[in-house]
Amino acid sequence: MMRKSSRRRHYYIENIRHSHVTRYHGPGSIFVNGEGVSMMICGFPSWKKSFNSDSSKTISENIEDLAIRDTYLENVLGIGRIIAPPINESQNNVPKGWLIPAIRFPLAHYCTNTNCRRISFDFDHGDSKPSSCKECKRTASASKLRQIPLFIGCKDGHIQEIDWDGLCHGANLCPSGASKLKFFPEANYLYSKVSCLSCGSSATVDKISKKQCNGHRPWHPNFSNDICNNDASIHEAPSANAYYAQTTSAIVIPPTGNLVPAIMQSLRASREIRTLRNAGWEGNAANLEAIQKILLNRGFELSLKETEHHLRALLDRQNGSDDIHQIELDAFTEARGRTNGLYGEPDLIVEPINFENVPNSNLFSLVRASALPRLRFISVLTGFSRFNPQVIDKQMGFHQLWGTEPETLFQEGQNCPEWLLGIEAFGEGLFFEFDVETLPVVSNIEKYGRVNIEINKIKKIFIHTISHLLIRVAAERSGFSLPSIRERLYLDGEKAAILLYVISPDLEGTNGGLVELAKETEFDDLLKTAIELSTWCTSDPVCLEGFEFDNGNELKGACHHCVLLPETSCELNNQFLDRAYVLARFQSLLRPS
């Protein structure tokens, strides 16, 4: 449901799926509303301004309610808080709390009447409704206006409307002094034409050459433009490549020891306890006793020694290493059991897999493997790019989302006071760690026409392709759909490992279908079938030899018939995939391909 603002030139989205806000509908993204109007989500400062002060809660209290607690990830990102996307509270059709603001983009429209085609700019950013043409003289039934679905943008996210008057007339103004533009769309937007009724000038869209980006950020209406030296080019709006969200995610690793997960959560979440923690509890008996009393009121009977033990474990988690992947690798190889259920299940359960009756583990050169019957997953939106996915550092990402200057952020190791959006979910997983000494031999790879490949790239392509093969087999046998199974790759340093996992944002976990594959017989068959799956593709030999594309890129040994996966599953956007690397590793054990 959506509603137009009466106070600002914004259009408010009252309900939107949480997972979509952090992947597809974050600040700067373009979407089409239910009435066919293209809109752009505004930046976080506009979100804060959209808070309805008539709500029963203040914005600070609302942020507290939405907080996702993980002090370690907050420190890694350098932010004050992670919060879930706001939930609107409606009462008697009156919105309360937060509303997500958006603006109309682009503003240029053309008449759908083939005898008119006049371009109109007479729209407000906050207008979310379709409109009719005022120029085509059809008084009985005026023709509808349609947005011209084109914009100019750069890879760093800047975006601007096209200067249609400048395109038609060049550097000169219309000789008549009042241009009257018409737009003639084509199936290929580059051949669409704009012409002037007043002077007869015309041009096609493909005449817009690459130009220097002007740093425009329409999703931040109250901030000035950036200084940007990137080339800007024309693109369609909305389109699949117009927004690539960058997220930082982590599997929450609780401290080891005799700790109660629910108590750890209370220590993180309680405002009263956090105030006492910040005031200091080490060597402060009064504050420690006050924390113990608060926990007692919440149903946790702890001695002062046990209370101190939990507080110290929380502090260790807060001051841990910045290497999220290394912490996860260490945790996934150690057994972590279930609790007695008195205060709930832990955030992570790890059950190592015994290879004694899994002969294909040697074939795969597995060092370790584990089943994770329960895990807690947090994903945080940290920035975005356009046209091609790229890595955005945390200063620039924060600048994109909040509009603040990047050089003023994260000074002297201090966290920013503001928050970033994230989602929290529980699920299950399977973990595999491989022996990197058994990577494909270079000479074997060269037999498939892959030459001059660096060893690190060989490892990346080999492990990533194995991951996709395992996901395809697991989807057939676990009961989960292919898009629901995700990968998490550990390719830094000297280790090579994969985590296959599923999560459910709406439930307290999943149904156990994935960890059922950890049983000896099923696990051995999973490995064997994944290797066999690499030996052929319905598009062979074209797939294995490689697809050539017009832009000079090529994709070898991978297509949608064999190893490419839906975007929700792949961590690397279906890059670094090639079945030839798997065949080169197992060629002596497989039938000729």
# chains A, B, ... in the order shown; residues from 1 in each chain; ligands from 1
>>> residues_around(residues="Cys228 of chain A", least_positions_apart="3", cutoff="7 Å", atoms="only C-alpha atoms", output="ChimeraX atom specification")
/A:213-215
>>> write_last_selection(atoms="N, CA and C atoms", output="PDB file, in the first residue's frame")
ATOM      1  N   CYS A 213      30.324  12.614 -15.602  1.00  0.00           N
ATOM      2  CA  CYS A 213      29.214  12.602 -14.651  1.00  0.00           C
ATOM      3  C   CYS A 213      29.176  13.909 -13.865  1.00  0.00           C
ATOM      4  N   ASN A 214      27.971  14.404 -13.612  1.00  0.00           N
ATOM      5  CA  ASN A 214      27.828  15.641 -12.835  1.00  0.00           C
ATOM      6  C   ASN A 214      27.627  15.391 -11.347  1.00  0.00           C
ATOM      7  N   GLY A 215      27.701  14.114 -10.930  1.00  0.00           N
ATOM      8  CA  GLY A 215      27.606  13.797  -9.504  1.00  0.00           C
ATOM      9  C   GLY A 215      26.238  13.996  -8.898  1.00  0.00           C
TER      10      GLY A 215
END
>>> select_by_dssp(residues="segment 122-352 of chain A", states="helix (DSSP H, G or I)", output="ChimeraX atom specification")
/A:164-169,189-191,205-207,240-242,261-269,271-279,285-297,304-318,324-332
>>> atom_distance(atom1="atom CA of Pro373 of chain A", atom2="atom CA of Val515 of chain A")
6.1 Å
>>> residues_around(residues="Leu439 of chain A", least_positions_apart="4", cutoff="10 Å", atoms="only C-alpha atoms", output="list of chain:residue names")
A:Ser365, A:Phe434, A:Asp435, A:Ile455, A:Ile458, A:Lys459, A:Phe462, A:Ile463, A:Tyr581, A:Val582, A:Ala584, A:Arg585, A:Phe586
>>> write_last_selection(atoms="C-alpha atoms", output="compact mmCIF listing (two decimals), in the first residue's frame")
# COMPACT_ATOMS: atom_id res chain seq x y z
CA SER A 365 40.02 -33.87 -0.90
CA PHE A 434 39.00 -28.49 0.93
CA ASP A 435 42.70 -29.27 0.72
CA ILE A 455 47.01 -19.92 -9.06
CA ILE A 458 42.43 -21.30 -10.33
CA LYS A 459 41.47 -21.83 -6.69
CA PHE A 462 37.52 -24.39 -8.99
CA ILE A 463 35.96 -23.95 -5.53
CA TYR A 581 38.56 -26.71 -13.93
CA VAL A 582 36.54 -29.48 -12.26
CA ALA A 584 40.83 -31.06 -15.11
CA ARG A 585 40.94 -32.00 -11.42
CA PHE A 586 38.95 -35.24 -11.78
>>> residues_around(residues="Lys519 of chain A", least_positions_apart="4", cutoff="12 Å", atoms="only C-alpha atoms", output="list in words")
Glu351, Pro352, Ile353, Asn354, Phe355, Glu356, Asn357, Val358, Ala369, Ser370, Ala371, Leu430, Gly513, Leu514, Val515, Phe523, Asp524, Asp525 and Leu526 of chain A
>>> residues_around(residues="Leu470 of chain A", least_positions_apart="3", cutoff="10 Å", atoms="only C-alpha atoms", output="list in words")
His464, Thr465, Ile466, Ser467, Val473, Ala474, Ala475, Glu487, Ile498, Leu500, Leu526, Leu527, Lys528, Thr529, Ala530, Ile531, Leu533 and Val563 of chain A
>>> write_last_selection(atoms="N, CA and C atoms", output="mmCIF file, in the first residue's frame")
data_model
loop_
_atom_site.group_PDB
_atom_site.id
_atom_site.type_symbol
_atom_site.label_atom_id
_atom_site.label_comp_id
_atom_site.auth_asym_id
_atom_site.auth_seq_id
_atom_site.Cartn_x
_atom_site.Cartn_y
_atom_site.Cartn_z
ATOM 1 N N HIS A 464 34.499 -22.274 -6.516
ATOM 2 C CA HIS A 464 33.199 -21.664 -6.796
ATOM 3 C C HIS A 464 32.347 -22.569 -7.689
ATOM 4 N N THR A 465 32.970 -23.199 -8.669
ATOM 5 C CA THR A 465 32.211 -24.111 -9.539
ATOM 6 C C THR A 465 31.725 -25.320 -8.760
ATOM 7 N N ILE A 466 32.576 -25.857 -7.888
ATOM 8 C CA ILE A 466 32.175 -26.966 -7.018
ATOM 9 C C ILE A 466 30.975 -26.560 -6.167
ATOM 10 N N SER A 467 30.999 -25.342 -5.649
ATOM 11 C CA SER A 467 29.899 -24.845 -4.822
ATOM 12 C C SER A 467 28.582 -24.868 -5.592
ATOM 13 N N VAL A 473 22.712 -30.111 -6.782
ATOM 14 C CA VAL A 473 22.361 -31.450 -6.293
ATOM 15 C C VAL A 473 21.562 -31.341 -5.001
ATOM 16 N N ALA A 474 21.988 -30.451 -4.092
ATOM 17 C CA ALA A 474 21.298 -30.287 -2.806
ATOM 18 C C ALA A 474 19.862 -29.824 -3.005
ATOM 19 N N ALA A 475 19.620 -28.975 -4.004
ATOM 20 C CA ALA A 475 18.266 -28.488 -4.254
ATOM 21 C C ALA A 475 17.340 -29.631 -4.662
ATOM 22 N N GLU A 487 25.213 -19.627 -1.135
ATOM 23 C CA GLU A 487 26.597 -20.016 -0.885
ATOM 24 C C GLU A 487 27.319 -18.915 -0.118
ATOM 25 N N ILE A 498 33.513 -23.785 1.723
ATOM 26 C CA ILE A 498 32.189 -23.387 1.245
ATOM 27 C C ILE A 498 31.176 -23.612 2.362
ATOM 28 N N LEU A 500 27.067 -23.876 2.388
ATOM 29 C CA LEU A 500 25.766 -23.843 1.736
ATOM 30 C C LEU A 500 24.725 -23.681 2.833
ATOM 31 N N LEU A 526 25.922 -37.136 -2.357
ATOM 32 C CA LEU A 526 25.922 -35.722 -2.723
ATOM 33 C C LEU A 526 27.226 -35.354 -3.420
ATOM 34 N N LEU A 527 28.357 -35.788 -2.850
ATOM 35 C CA LEU A 527 29.663 -35.495 -3.437
ATOM 36 C C LEU A 527 29.827 -36.166 -4.797
ATOM 37 N N LYS A 528 29.457 -37.434 -4.880
ATOM 38 C CA LYS A 528 29.605 -38.199 -6.126
ATOM 39 C C LYS A 528 28.764 -37.589 -7.251
ATOM 40 N N THR A 529 27.535 -37.245 -6.963
ATOM 41 C CA THR A 529 26.641 -36.708 -7.992
ATOM 42 C C THR A 529 27.094 -35.335 -8.455
ATOM 43 N N ALA A 530 27.663 -34.526 -7.566
ATOM 44 C CA ALA A 530 28.154 -33.198 -7.942
ATOM 45 C C ALA A 530 29.277 -33.317 -8.974
ATOM 46 N N ILE A 531 30.164 -34.308 -8.790
ATOM 47 C CA ILE A 531 31.244 -34.507 -9.761
ATOM 48 C C ILE A 531 30.679 -34.970 -11.103
ATOM 49 N N LEU A 533 27.829 -34.370 -12.302
ATOM 50 C CA LEU A 533 27.089 -33.276 -12.926
ATOM 51 C C LEU A 533 28.004 -32.370 -13.743
ATOM 52 N N VAL A 563 25.824 -24.808 -14.534
ATOM 53 C CA VAL A 563 26.282 -24.330 -13.224
ATOM 54 C C VAL A 563 25.830 -22.918 -12.843
#
>>> select_by_dssp(residues="segment 21-177 of chain A", states="strand (DSSP E or B)", output="ChimeraX atom specification")
/A:30-32,38-41,52,67,81-83,89-91,94-97,100-104,109-111,118-120,132,144-147,150-153,159-160
>>> closest_residue(among="A:Ile251, A:Lys556, A:Val391, A:Gly283", to="Ala425 of chain A", atoms="only C-alpha atoms")
A:Ile251
>>> residues_around(residues="Ser29 of chain A", least_positions_apart="6", cutoff="6 Å", atoms="only C-alpha atoms", output="NGL selection string")
:A and (40-41 or 243)
>>> residues_around(residues="segment 44-48 of chain A", least_positions_apart="5", cutoff="9 Å", atoms="only C-alpha atoms", output="PyMOL selection string")
chain A and resi 10+27+59+98-102+219-222+401-403+420
>>> closest_residue(among="A:Leu348, A:Ile79, A:Leu73, A:Ala279", to="Gln395 of chain A", atoms="only C-alpha atoms")
A:Ile79
>>> atom_distance(atom1="atom CA of Gly170 of chain A", atom2="atom CA of Ala203 of chain A")
9.1 Å
>>> closest_residue(among="A:Cys196, A:Ile234, A:Val350, A:Cys174", to="Pro254 of chain A", atoms="only C-alpha atoms")
A:Val350
>>> decode(residues="segment 249-279 of chain A", atoms="N, CA and C atoms", output="compact mmCIF listing (two decimals), in the first residue's frame")
# COMPACT_ATOMS: atom_id res chain seq x y z
N SER A 249 27.58 -9.37 5.20
CA SER A 249 26.80 -10.35 5.96
C SER A 249 27.72 -11.14 6.88
N ALA A 250 27.13 -11.74 7.88
CA ALA A 250 27.89 -12.54 8.83
C ALA A 250 26.99 -13.60 9.45
N ILE A 251 27.58 -14.75 9.68
CA ILE A 251 26.94 -15.77 10.52
C ILE A 251 27.33 -15.44 11.96
N VAL A 252 26.37 -15.23 12.81
CA VAL A 252 26.67 -14.82 14.19
C VAL A 252 27.33 -15.98 14.92
N ILE A 253 28.53 -15.72 15.44
CA ILE A 253 29.30 -16.72 16.18
C ILE A 253 29.26 -16.37 17.66
N PRO A 254 28.45 -17.05 18.45
CA PRO A 254 28.40 -16.74 19.88
C PRO A 254 29.67 -17.20 20.58
N PRO A 255 30.05 -16.57 21.67
CA PRO A 255 31.24 -17.00 22.41
C PRO A 255 31.07 -18.44 22.92
N THR A 256 32.18 -19.14 23.04
CA THR A 256 32.14 -20.50 23.57
C THR A 256 32.10 -20.45 25.10
N GLY A 257 31.84 -21.58 25.67
CA GLY A 257 31.77 -21.66 27.13
C GLY A 257 30.36 -21.92 27.61
N ASN A 258 30.19 -21.96 28.91
CA ASN A 258 28.90 -22.24 29.51
C ASN A 258 28.06 -20.96 29.54
N LEU A 259 27.55 -20.60 28.35
CA LEU A 259 26.82 -19.35 28.20
C LEU A 259 25.39 -19.62 27.76
N VAL A 260 24.47 -18.77 28.21
CA VAL A 260 23.07 -18.91 27.86
C VAL A 260 22.74 -17.89 26.78
N PRO A 261 22.32 -18.33 25.57
CA PRO A 261 22.06 -17.40 24.47
C PRO A 261 21.06 -16.30 24.82
N ALA A 262 20.00 -16.64 25.52
CA ALA A 262 18.97 -15.66 25.85
C ALA A 262 19.52 -14.58 26.78
N ILE A 263 20.43 -14.95 27.66
CA ILE A 263 21.04 -13.96 28.56
C ILE A 263 21.95 -13.03 27.76
N MET A 264 22.71 -13.60 26.82
CA MET A 264 23.57 -12.77 25.97
C MET A 264 22.73 -11.77 25.18
N GLN A 265 21.59 -12.22 24.69
CA GLN A 265 20.71 -11.33 23.94
C GLN A 265 20.17 -10.22 24.83
N SER A 266 19.81 -10.54 26.07
CA SER A 266 19.32 -9.52 27.00
C SER A 266 20.41 -8.50 27.32
N LEU A 267 21.65 -8.97 27.48
CA LEU A 267 22.76 -8.05 27.75
C LEU A 267 22.98 -7.10 26.58
N ARG A 268 22.74 -7.58 25.36
CA ARG A 268 22.90 -6.73 24.18
C ARG A 268 21.73 -5.77 24.01
N ALA A 269 20.50 -6.27 24.27
CA ALA A 269 19.30 -5.54 23.87
C ALA A 269 18.78 -4.55 24.91
N SER A 270 18.97 -4.83 26.19
CA SER A 270 18.36 -4.01 27.23
C SER A 270 19.01 -2.63 27.31
N ARG A 271 18.17 -1.59 27.24
CA ARG A 271 18.68 -0.23 27.34
C ARG A 271 19.27 0.04 28.73
N GLU A 272 18.59 -0.47 29.77
CA GLU A 272 19.08 -0.26 31.13
C GLU A 272 20.44 -0.92 31.33
N ILE A 273 20.57 -2.17 30.84
CA ILE A 273 21.84 -2.88 31.01
C ILE A 273 22.94 -2.20 30.20
N ARG A 274 22.60 -1.74 28.99
CA ARG A 274 23.62 -1.08 28.17
C ARG A 274 24.14 0.18 28.85
N THR A 275 23.25 0.92 29.51
CA THR A 275 23.68 2.11 30.24
C THR A 275 24.65 1.74 31.36
N LEU A 276 24.33 0.67 32.08
CA LEU A 276 25.21 0.23 33.17
C LEU A 276 26.52 -0.31 32.63
N ARG A 277 26.48 -1.01 31.49
CA ARG A 277 27.70 -1.52 30.88
C ARG A 277 28.62 -0.39 30.47
N ASN A 278 28.03 0.65 29.84
CA ASN A 278 28.84 1.80 29.41
C ASN A 278 29.42 2.56 30.60
N ALA A 279 28.72 2.56 31.71
CA ALA A 279 29.21 3.24 32.92
C ALA A 279 30.32 2.44 33.59
